[in-house]
file my_file-v1.txt (compact mmCIF, C-alpha atoms)
# COMPACT_ATOMS: atom_id res chain seq x y z
CA MET A 588 0.00 0.00 0.00
CA ARG A 589 1.42 3.36 -1.07
CA THR A 590 0.49 6.28 1.20
CA LEU A 591 1.03 10.02 1.15
CA VAL A 592 0.82 11.81 4.51
CA THR A 593 0.50 15.58 4.78
CA GLY A 594 1.58 16.99 8.12
CA ALA A 595 3.77 13.92 8.59
CA THR A 596 6.19 15.66 10.95
CA GLY A 597 3.51 16.90 13.34
CA PHE A 598 2.52 15.28 16.62
CA VAL A 599 -0.03 12.87 15.13
CA GLY A 600 1.79 12.58 11.80
CA ARG A 601 4.88 11.08 13.40
CA TYR A 602 2.84 8.38 15.11
CA LEU A 603 0.83 7.73 11.95
CA THR A 604 3.85 7.32 9.69
CA ALA A 605 5.43 4.95 12.21
CA ALA A 606 2.23 2.89 12.41
CA LEU A 607 1.89 2.74 8.62
CA GLU A 608 5.51 1.68 8.15
CA ALA A 609 5.15 -0.95 10.88
CA GLY A 610 2.19 -2.31 8.92
CA GLY A 611 4.25 -2.61 5.75
CA ALA A 612 3.01 0.50 3.92
CA SER A 613 5.23 2.67 1.76
CA VAL A 614 5.01 6.20 3.20
CA PHE A 615 5.68 9.44 1.33
CA ALA A 616 6.02 12.00 4.11
CA CYS A 617 5.13 15.64 3.45
CA GLY A 618 5.91 18.46 5.85
CA GLY A 619 7.31 21.96 6.10
CA PRO A 620 10.33 23.50 4.39
CA HIS A 621 12.62 22.92 7.38
CA ASP A 622 11.66 19.35 8.27
CA GLY A 623 14.72 17.67 6.82
CA PRO A 624 15.89 15.90 3.67
CA ASP A 625 13.63 12.86 4.10
CA VAL A 626 10.46 14.95 4.01
CA PHE A 627 8.88 16.47 0.91
CA ALA A 628 8.33 20.19 1.55
CA LEU A 629 4.67 20.73 0.71
CA ASP A 630 2.94 24.11 0.68
CA LEU A 631 -0.83 23.53 0.51
CA ASP A 632 -1.16 26.96 -1.09
CA ASP A 633 0.90 25.72 -4.06
CA PRO A 634 -1.15 23.46 -6.38
CA ALA A 635 1.93 22.63 -8.46
CA ALA A 636 3.75 21.32 -5.37
CA ILE A 637 0.76 19.14 -4.44
CA ALA A 638 0.62 17.75 -7.98
CA ALA A 639 4.35 16.99 -7.84
CA ALA A 640 3.97 15.17 -4.51
CA LEU A 641 1.17 13.01 -5.93
CA ASP A 642 3.15 12.20 -9.07
CA ILE A 643 6.14 11.11 -6.99
CA ALA A 644 4.21 9.20 -4.33
CA ARG A 645 1.63 7.52 -6.61
CA PRO A 646 -0.51 6.90 -3.52
CA ASP A 647 -3.37 4.53 -2.91
CA LEU A 648 -4.18 6.51 0.25
CA VAL A 649 -3.75 10.16 1.21
CA PHE A 650 -3.85 10.98 4.91
CA HIS A 651 -4.50 14.72 5.15
CA LEU A 652 -3.28 15.89 8.55
CA ALA A 653 -1.59 19.19 7.66
CA ALA A 654 -3.38 22.10 9.33
CA GLN A 655 -3.17 25.00 11.71
CA THR A 656 -4.36 23.10 14.80
CA PHE A 657 -3.84 25.42 17.78
CA VAL A 658 -7.20 26.97 18.75
CA PRO A 659 -5.81 30.14 20.44
CA GLU A 660 -3.75 30.88 17.31
CA SER A 661 -6.95 30.76 15.25
CA PHE A 662 -8.31 33.67 17.31
CA ALA A 663 -5.15 35.66 16.65
CA SER A 664 -5.03 34.83 12.92
CA PRO A 665 -8.43 33.61 11.72
CA VAL A 666 -7.90 34.38 8.02
CA ALA A 667 -4.56 32.57 7.97
CA THR A 668 -6.25 29.60 9.64
CA TYR A 669 -9.00 29.57 7.01
CA ARG A 670 -6.45 29.83 4.22
CA THR A 671 -4.42 26.87 5.47
CA ASN A 672 -7.23 24.62 6.61
CA VAL A 673 -9.96 25.33 4.05
CA VAL A 674 -8.27 26.67 0.92
CA GLY A 675 -5.31 24.31 1.35
CA THR A 676 -7.69 21.36 1.59
CA ALA A 677 -9.52 22.54 -1.55
CA HIS A 678 -6.21 22.65 -3.40
CA LEU A 679 -5.46 19.10 -2.27
CA ALA A 680 -8.87 17.82 -3.36
CA SER A 681 -8.49 19.41 -6.79
CA ALA A 682 -5.00 17.96 -7.20
CA VAL A 683 -6.15 14.46 -6.24
CA ARG A 684 -8.96 14.62 -8.80
CA ALA A 685 -6.54 15.74 -11.50
CA TYR A 686 -4.06 13.02 -10.53
CA ALA A 687 -6.80 10.37 -10.71
CA ASP A 688 -7.72 11.26 -14.29
CA GLY A 689 -6.99 7.92 -15.98
CA ARG A 690 -5.78 6.34 -12.71
CA ALA A 691 -7.46 4.72 -9.73
CA MET A 692 -8.79 7.35 -7.31
CA PRO A 693 -6.73 7.50 -4.10
CA ARG A 694 -8.78 7.57 -0.92
CA ILE A 695 -8.40 10.68 1.26
CA LEU A 696 -8.63 10.21 5.02
CA PHE A 697 -9.23 13.72 6.35
CA THR A 698 -8.55 14.48 10.01
CA SER A 699 -11.19 16.93 11.15
CA SER A 700 -12.03 17.93 14.72
CA ALA A 701 -14.87 17.45 17.17
CA GLU A 702 -14.72 21.20 17.70
CA VAL A 703 -16.98 21.53 14.65
CA TYR A 704 -19.88 20.54 16.94
CA GLY A 705 -19.51 23.75 18.95
CA ALA A 706 -20.93 24.43 22.41
CA ARG A 707 -23.55 21.86 23.38
CA SER A 708 -25.55 21.14 26.51
CA ALA A 709 -24.66 18.22 28.74
CA GLY A 710 -27.95 16.62 27.71
CA GLU A 711 -26.71 16.32 24.13
CA MET A 712 -23.79 14.12 25.12
CA PRO A 713 -22.41 11.91 23.78
CA LEU A 714 -22.13 13.71 20.46
CA ARG A 715 -22.88 11.66 17.38
CA GLU A 716 -22.06 12.24 13.73
CA SER A 717 -25.70 13.16 13.07
CA THR A 718 -25.33 16.25 15.30
CA LEU A 719 -25.27 19.32 13.07
CA PRO A 720 -22.03 21.33 13.22
CA ALA A 721 -22.16 24.68 15.02
CA PRO A 722 -18.52 25.82 15.16
CA ALA A 723 -17.74 28.33 17.90
CA THR A 724 -14.09 29.16 17.10
CA PRO A 725 -12.21 30.14 13.93
CA TYR A 726 -10.36 26.82 14.12
CA ALA A 727 -13.63 24.88 14.32
CA ALA A 728 -15.06 26.89 11.44
CA SER A 729 -12.01 26.10 9.34
CA LYS A 730 -12.39 22.37 9.96
CA ALA A 731 -16.12 22.48 9.20
CA GLY A 732 -15.32 24.35 5.98
CA ALA A 733 -12.72 21.79 4.95
CA GLU A 734 -15.18 18.97 5.64
CA ALA A 735 -17.78 20.71 3.47
CA VAL A 736 -15.30 21.11 0.61
CA LEU A 737 -14.30 17.45 0.65
CA LEU A 738 -17.82 16.06 1.01
CA ALA A 739 -19.06 18.30 -1.81
CA GLU A 740 -16.18 17.04 -3.98
CA SER A 741 -17.23 13.51 -3.08
CA ARG A 742 -20.83 14.12 -4.11
CA CYS A 743 -20.06 16.17 -7.23
CA PHE A 744 -16.90 14.57 -8.58
CA GLY A 745 -16.67 11.15 -6.97
CA LEU A 746 -13.74 11.99 -4.70
CA ASP A 747 -13.15 9.07 -2.32
CA VAL A 748 -13.18 10.77 1.09
CA VAL A 749 -13.56 9.57 4.67
CA VAL A 750 -13.78 12.22 7.40
CA ALA A 751 -12.49 11.48 10.91
CA ARG A 752 -13.67 13.89 13.59
CA ALA A 753 -11.08 13.52 16.30
CA PHE A 754 -11.77 14.51 19.90
CA ASN A 755 -8.95 15.54 22.25
CA HIS A 756 -5.92 13.37 21.66
CA ILE A 757 -2.87 13.25 23.88
CA GLY A 758 0.44 11.43 24.10
CA PRO A 759 4.20 11.75 24.46
CA GLY A 760 5.70 14.38 22.18
CA GLN A 761 2.70 16.72 21.99
CA ASN A 762 3.47 20.44 21.86
CA GLU A 763 3.49 22.07 25.29
CA ARG A 764 1.02 24.70 24.09
CA PHE A 765 -1.64 22.05 24.70
CA VAL A 766 -3.06 21.53 28.14
CA VAL A 767 -1.91 18.05 29.21
CA PRO A 768 1.75 18.33 28.07
CA SER A 769 1.84 21.82 29.58
CA PHE A 770 0.85 20.39 32.95
CA ALA A 771 3.36 17.55 32.61
CA ARG A 772 6.25 19.85 31.72
CA GLN A 773 5.49 22.22 34.59
CA LEU A 774 5.30 19.33 37.03
CA ALA A 775 8.54 17.78 35.75
CA THR A 776 10.29 21.13 36.15
CA ILE A 777 8.97 21.48 39.69
CA ALA A 778 9.93 17.88 40.57
CA GLY A 779 13.43 18.52 39.27
CA GLY A 780 13.81 21.59 41.49
CA ALA A 781 14.15 23.96 38.54
CA SER A 782 11.10 26.06 39.42
CA SER A 783 8.95 27.00 42.38
CA PRO A 784 6.01 24.69 43.19
CA VAL A 785 3.40 26.82 41.43
CA LEU A 786 1.48 25.34 38.51
CA MET A 787 -0.25 27.77 36.14
CA VAL A 788 -3.55 26.59 34.66
CA GLY A 789 -6.47 27.66 32.50
CA ASN A 790 -10.05 26.38 32.73
CA LEU A 791 -10.06 23.25 34.88
CA ASN A 792 -13.80 22.71 34.70
CA ALA A 793 -13.88 21.78 31.01
CA VAL A 794 -14.93 18.18 30.35
CA ARG A 795 -13.05 16.50 27.52
CA ASP A 796 -12.98 13.13 25.77
CA PHE A 797 -9.27 12.27 25.89
CA LEU A 798 -7.85 9.55 23.64
CA ASP A 799 -4.26 8.37 23.33
CA VAL A 800 -2.62 9.36 20.04
CA ARG A 801 -1.65 5.74 19.42
CA ASP A 802 -5.32 4.77 19.53
CA VAL A 803 -6.13 7.75 17.29
CA VAL A 804 -3.78 6.66 14.53
CA ALA A 805 -5.03 3.08 14.80
CA ALA A 806 -8.51 4.46 14.16
CA TYR A 807 -7.29 6.47 11.16
CA VAL A 808 -5.69 3.39 9.62
CA ALA A 809 -8.83 1.35 10.26
CA LEU A 810 -11.04 4.02 8.67
CA ALA A 811 -8.77 4.30 5.64
CA ARG A 812 -9.22 0.56 5.19
CA ASP A 813 -12.86 0.00 6.15
CA GLY A 814 -14.63 3.38 6.31
CA THR A 815 -17.40 4.18 3.85
CA SER A 816 -16.65 6.88 1.29
CA GLY A 817 -18.48 10.14 1.94
CA GLU A 818 -19.07 9.32 5.62
CA ILE A 819 -18.01 11.04 8.86
CA TYR A 820 -16.76 9.13 11.91
CA ASN A 821 -16.06 10.31 15.45
CA VAL A 822 -12.69 9.22 16.84
CA CYS A 823 -13.01 9.28 20.61
CA SER A 824 -13.00 7.26 23.81
CA GLY A 825 -16.65 7.85 24.68
CA ALA A 826 -15.73 8.90 28.24
CA GLY A 827 -15.54 12.44 29.61
CA ARG A 828 -13.05 13.65 32.21
CA THR A 829 -12.64 17.13 33.64
CA VAL A 830 -9.31 18.81 33.06
CA ARG A 831 -9.15 19.12 36.85
CA ASP A 832 -9.25 15.31 37.24
CA VAL A 833 -6.51 14.91 34.65
CA LEU A 834 -4.37 17.44 36.51
CA ARG A 835 -4.93 15.65 39.83
CA GLU A 836 -3.79 12.37 38.31
CA LEU A 837 -0.68 13.98 36.83
CA ILE A 838 0.16 15.57 40.19
CA ALA A 839 -0.14 12.13 41.81
CA ILE A 840 2.12 10.64 39.13
CA ALA A 841 4.71 13.39 39.66
CA GLY A 842 4.50 13.00 43.43
CA VAL A 843 5.15 16.66 44.22
CA PRO A 844 3.10 19.16 46.25
CA VAL A 845 2.10 22.17 44.15
CA GLU A 846 0.02 25.31 44.34
CA VAL A 847 -2.42 25.49 41.44
CA ARG A 848 -2.84 29.06 40.20
CA GLU A 849 -5.20 30.31 37.50
CA ASP A 850 -3.57 32.17 34.61
CA PRO A 851 -5.86 34.50 32.61
CA GLU A 852 -3.54 34.15 29.61
CA ARG A 853 -4.40 30.46 29.44
CA MET A 854 -8.14 31.09 29.15
CA ARG A 855 -9.75 30.87 25.70
CA PRO A 856 -11.99 33.73 24.57
CA LEU A 857 -14.70 31.10 24.10
CA ASP A 858 -14.31 27.68 25.67
CA VAL A 859 -16.73 24.83 25.00
CA PRO A 860 -17.62 23.41 28.44
CA VAL A 861 -18.27 19.75 27.52
CA PHE A 862 -16.98 17.56 24.69
CA VAL A 863 -17.77 13.84 24.84
CA GLY A 864 -18.40 11.73 21.78
CA SER A 865 -19.77 8.40 20.70
CA ALA A 866 -17.49 6.10 18.70
CA GLN A 867 -20.22 3.54 17.95
CA LYS A 868 -20.22 4.27 14.22
CA LEU A 869 -16.43 3.89 14.01
CA GLU A 870 -16.48 0.70 16.05
CA ALA A 871 -19.26 -0.83 13.95
CA ALA A 872 -17.49 -0.03 10.68
CA THR A 873 -13.98 -1.14 11.62
CA GLY A 874 -13.98 -3.18 14.84
CA TRP A 875 -11.66 -0.56 16.40
CA HIS A 876 -11.70 -0.05 20.16
CA PRO A 877 -9.44 2.08 22.38
CA ALA A 878 -6.58 0.02 23.75
CA ILE A 879 -4.66 2.47 25.96
CA PRO A 880 -6.22 3.68 29.23
CA LEU A 881 -5.95 7.34 30.20
CA SER A 882 -3.81 6.45 33.23
CA GLN A 883 -1.16 4.92 30.95
CA SER A 884 -1.28 7.89 28.59
CA LEU A 885 -0.68 10.29 31.50
CA ARG A 886 2.20 8.22 32.86
CA ASP A 887 3.82 8.15 29.43
CA ILE A 888 3.31 11.89 28.94
CA TYR A 889 4.87 12.68 32.30
CA ARG A 890 7.82 10.37 31.65
CA SER A 891 8.41 12.11 28.31
CA ALA A 892 8.48 15.48 30.09
CA VAL A 893 11.23 14.41 32.49
CA PRO A 894 14.74 14.94 31.05
CA GLY A 895 16.49 11.65 30.36
CA LYS A 896 13.35 9.53 30.62
CA PRO A 897 11.90 7.57 27.68
CA GLY A 898 8.63 8.90 26.30
CA GLU A 899 6.62 5.71 26.15
CA SER A 900 6.10 2.81 28.49
CA SER A 901 6.74 -0.69 27.28
call {"tool": "encode", "arguments": {"input": "my_file-v1.txt", "output": "structure tokens"}}
result
Amino acid sequence: MRTLVTGATGFVGRYLTAALEAGGASVFACGGPHDGPDVFALDLDDPAAIAAALDIARPDLVFHLAAQTFVPESFASPVATYRTNVVGTAHLASAVRAYADGRAMPRILFTSSAEVYGARSAGEMPLRESTLPAPATPYAASKAGAEAVLLAESRCFGLDVVVARAFNHIGPGQNERFVVPSFARQLATIAGGASSPVLMVGNLNAVRDFLDVRDVVAAYVALARDGTSGEIYNVCSGAGRTVRDVLRELIAIAGVPVEVREDPERMRPLDVPVFVGSAQKLEAATGWHPAIPLSQSLRDIYRSAVPGKPGESS
């Protein structure tokens, strides 16, 4: 199986390329201009570059991960987020259609986000794919727009697309701008004596559906194989945990006393209070189930934050 992965050097992309290679797939990794000689520098705003990548890779599958993914950055630069996530996806879809003229159509597995659902009441949980999108952030709007582009291309032009709406995913190696690795890094620094025992936090009351990145990429691979073209699938654990509970568990793992202090800079302008999904559709289509418990994910994340410690447990 020949695969092309956009965003291959990102947090999820690294795990996905490793999983694909472990499964025997040939992977053509696409990333940014400074990601090294083994990565094809791909600008999604450059249709000629996308066409060149497809001609070189000759893929059976395209995993489209490349995006601006940091929600606070989308508030600072909404137009840039739309350009990357929506227009860049449209360029990719057009290039795949042109590439498939006279060839077999590669399947596109698009990694969207549960944030497209927007703010919902607790009574609406767990969220299902039939819930209409109501994006509440520029990032969520960009993902909803990219979904709409791809699904319209599927209906109008026969593009083979499967959409994966991922809920909060975590794991070793995630950027410290995100909440769980931020907590882990602060705690590791405190445990090592390099900072005072004060941990800065944002909204601890948010309820999130956390899933280990290794389970996420297993779901992506399963959907690329068994998902139905033109369909949307939630990728989630189906269980909600408050950010406060996650922090408490990390503090217990670190084994250090800390003062927890709220930082206004870590608060989002608009924060969705509850995000919990149903993965029943994904499970029915592929047989996938989460394999890594949250407690193991948190232990692995903390270990990866401690200098000299391996990032993953055996």
call {"tool": "residues_around", "arguments": {"input": "my_file-v1.txt", "residues": "A:Pro851", "least_positions_apart": "5", "cutoff": "10 Å", "atoms": "only C-alpha atoms", "output": "number ranges by chain"}}
result
A: 787-790
call {"tool": "closest_residue", "arguments": {"input": "my_file-v1.txt", "among": "A:Asn792, A:Thr698, A:Gln883, A:Ser708", "to": "A:Pro759", "atoms": "all atoms listed in the file"}}
result
A:Gln883
call {"tool": "atom_distance", "arguments": {"input": "my_file-v1.txt", "atom1": "atom CA of A:Ala682", "atom2": "atom CA of A:Ala595"}}
result
18.5 Å
call {"tool": "residues_around", "arguments": {"input": "my_file-v1.txt", "residues": "A:Ile777", "least_positions_apart": "4", "cutoff": "12 Å", "atoms": "only C-alpha atoms", "output": "PyMOL selection string"}}
result
chain A and resi 770-773+781-787+838+841-846+892-893
call {"tool": "closest_residue", "arguments": {"input": "my_file-v1.txt", "among": "A:Ala733, A:Ala687, A:Tyr726, A:Leu607", "to": "A:Gly675", "atoms": "all atoms listed in the file"}}
result
A:Ala733
call {"tool": "closest_residue", "arguments": {"input": "my_file-v1.txt", "among": "A:Gly623, A:Gly779, A:Gly618, A:Gly597", "to": "A:Ile637", "atoms": "only C-alpha atoms"}}
result
A:Gly618
call {"tool": "atom_distance", "arguments": {"input": "my_file-v1.txt", "atom1": "atom CA of A:Val750", "atom2": "atom CA of A:Ala691"}}
result
19.7 Å
call {"tool": "closest_atom_pairs", "arguments": {"input": "my_file-v1.txt", "of": "stretch 680-761 of chain A", "to": "stretch 666-671 of chain A", "cutoff": "10 Å", "atoms": "all atoms listed in the file", "output": "Markdown table"}}
result
| residue | atom | partner | partner_atom | distance |
| --- | --- | --- | --- | --- |
| A:Pro725 | CA | A:Thr668 | CA | 7.4 |
| A:Tyr726 | CA | A:Thr668 | CA | 6.7 |
| A:Ala727 | CA | A:Tyr669 | CA | 9.8 |
| A:Ala728 | CA | A:Tyr669 | CA | 8.0 |
| A:Ser729 | CA | A:Tyr669 | CA | 5.2 |
| A:Lys730 | CA | A:Tyr669 | CA | 8.5 |
| A:Gly732 | CA | A:Tyr669 | CA | 8.3 |
| A:Ala733 | CA | A:Tyr669 | CA | 8.9 |
call {"tool": "residues_around", "arguments": {"input": "my_file-v1.txt", "residues": "A:Phe615", "least_positions_apart": "5", "cutoff": "8 Å", "atoms": "all atoms listed in the file", "output": "count of residues only"}}
result
7
call {"tool": "closest_residue", "arguments": {"input": "my_file-v1.txt", "among": "A:Ser717, A:Ser882, A:Ser891, A:Thr724", "to": "A:Glu660", "atoms": "only C-alpha atoms"}}
result
A:Thr724
call {"tool": "closest_residue", "arguments": {"input": "my_file-v1.txt", "among": "A:Pro722, A:Gly610, A:Pro665, A:Gly689", "to": "A:Val703", "atoms": "all atoms listed in the file"}}
result
A:Pro722
call {"tool": "residues_near_point", "arguments": {"input": "my_file-v1.txt", "point": "(-15.5, 22.6, -6.5)", "cutoff": "9 Å", "atoms": "only C-alpha atoms", "output": "tab-separated table (two decimals) with C-alpha atoms, in the coordinates of the input"}}
result
chain	number	residue	atom	x	y	z
A	677	ALA	CA	-9.52	22.54	-1.55
A	680	ALA	CA	-8.87	17.82	-3.36
A	681	SER	CA	-8.49	19.41	-6.79
A	736	VAL	CA	-15.30	21.11	0.61
A	737	LEU	CA	-14.30	17.45	0.65
A	739	ALA	CA	-19.06	18.30	-1.81
A	740	GLU	CA	-16.18	17.04	-3.98
A	743	CYS	CA	-20.06	16.17	-7.23
A	744	PHE	CA	-16.90	14.57	-8.58
call {"tool": "residues_around", "arguments": {"input": "my_file-v1.txt", "residues": "A:Tyr602", "least_positions_apart": "3", "cutoff": "10 Å", "atoms": "only C-alpha atoms", "output": "list in words"}}
result
Ala595, Thr596, Gly597, Phe598, Val599, Ala605, Ala606, Leu607, Gly758, Gly760, Val800, Arg801, Asp802, Val803, Val804 and Ala805 of chain A
call {"tool": "closest_residue", "arguments": {"input": "my_file-v1.txt", "among": "A:Glu763, A:Glu818, A:Glu836, A:Asp799", "to": "A:Pro880", "atoms": "all atoms listed in the file"}}
result
A:Asp799
call {"tool": "atom_distance", "arguments": {"input": "my_file-v1.txt", "atom1": "atom CA of A:Val830", "atom2": "atom CA of A:Ser661"}}
result
21.6 Å
call {"tool": "axis_aligned_box", "arguments": {"input": "my_file-v1.txt", "around": "stretch 688-702 of chain A", "padding_each_side": "4 Å", "output": "lines of an AutoDock Vina configuration file"}}
result
center_x = -10.3
center_y = 13.0
center_z = 0.9
size_x = 17.1
size_y = 24.5
size_z = 41.7
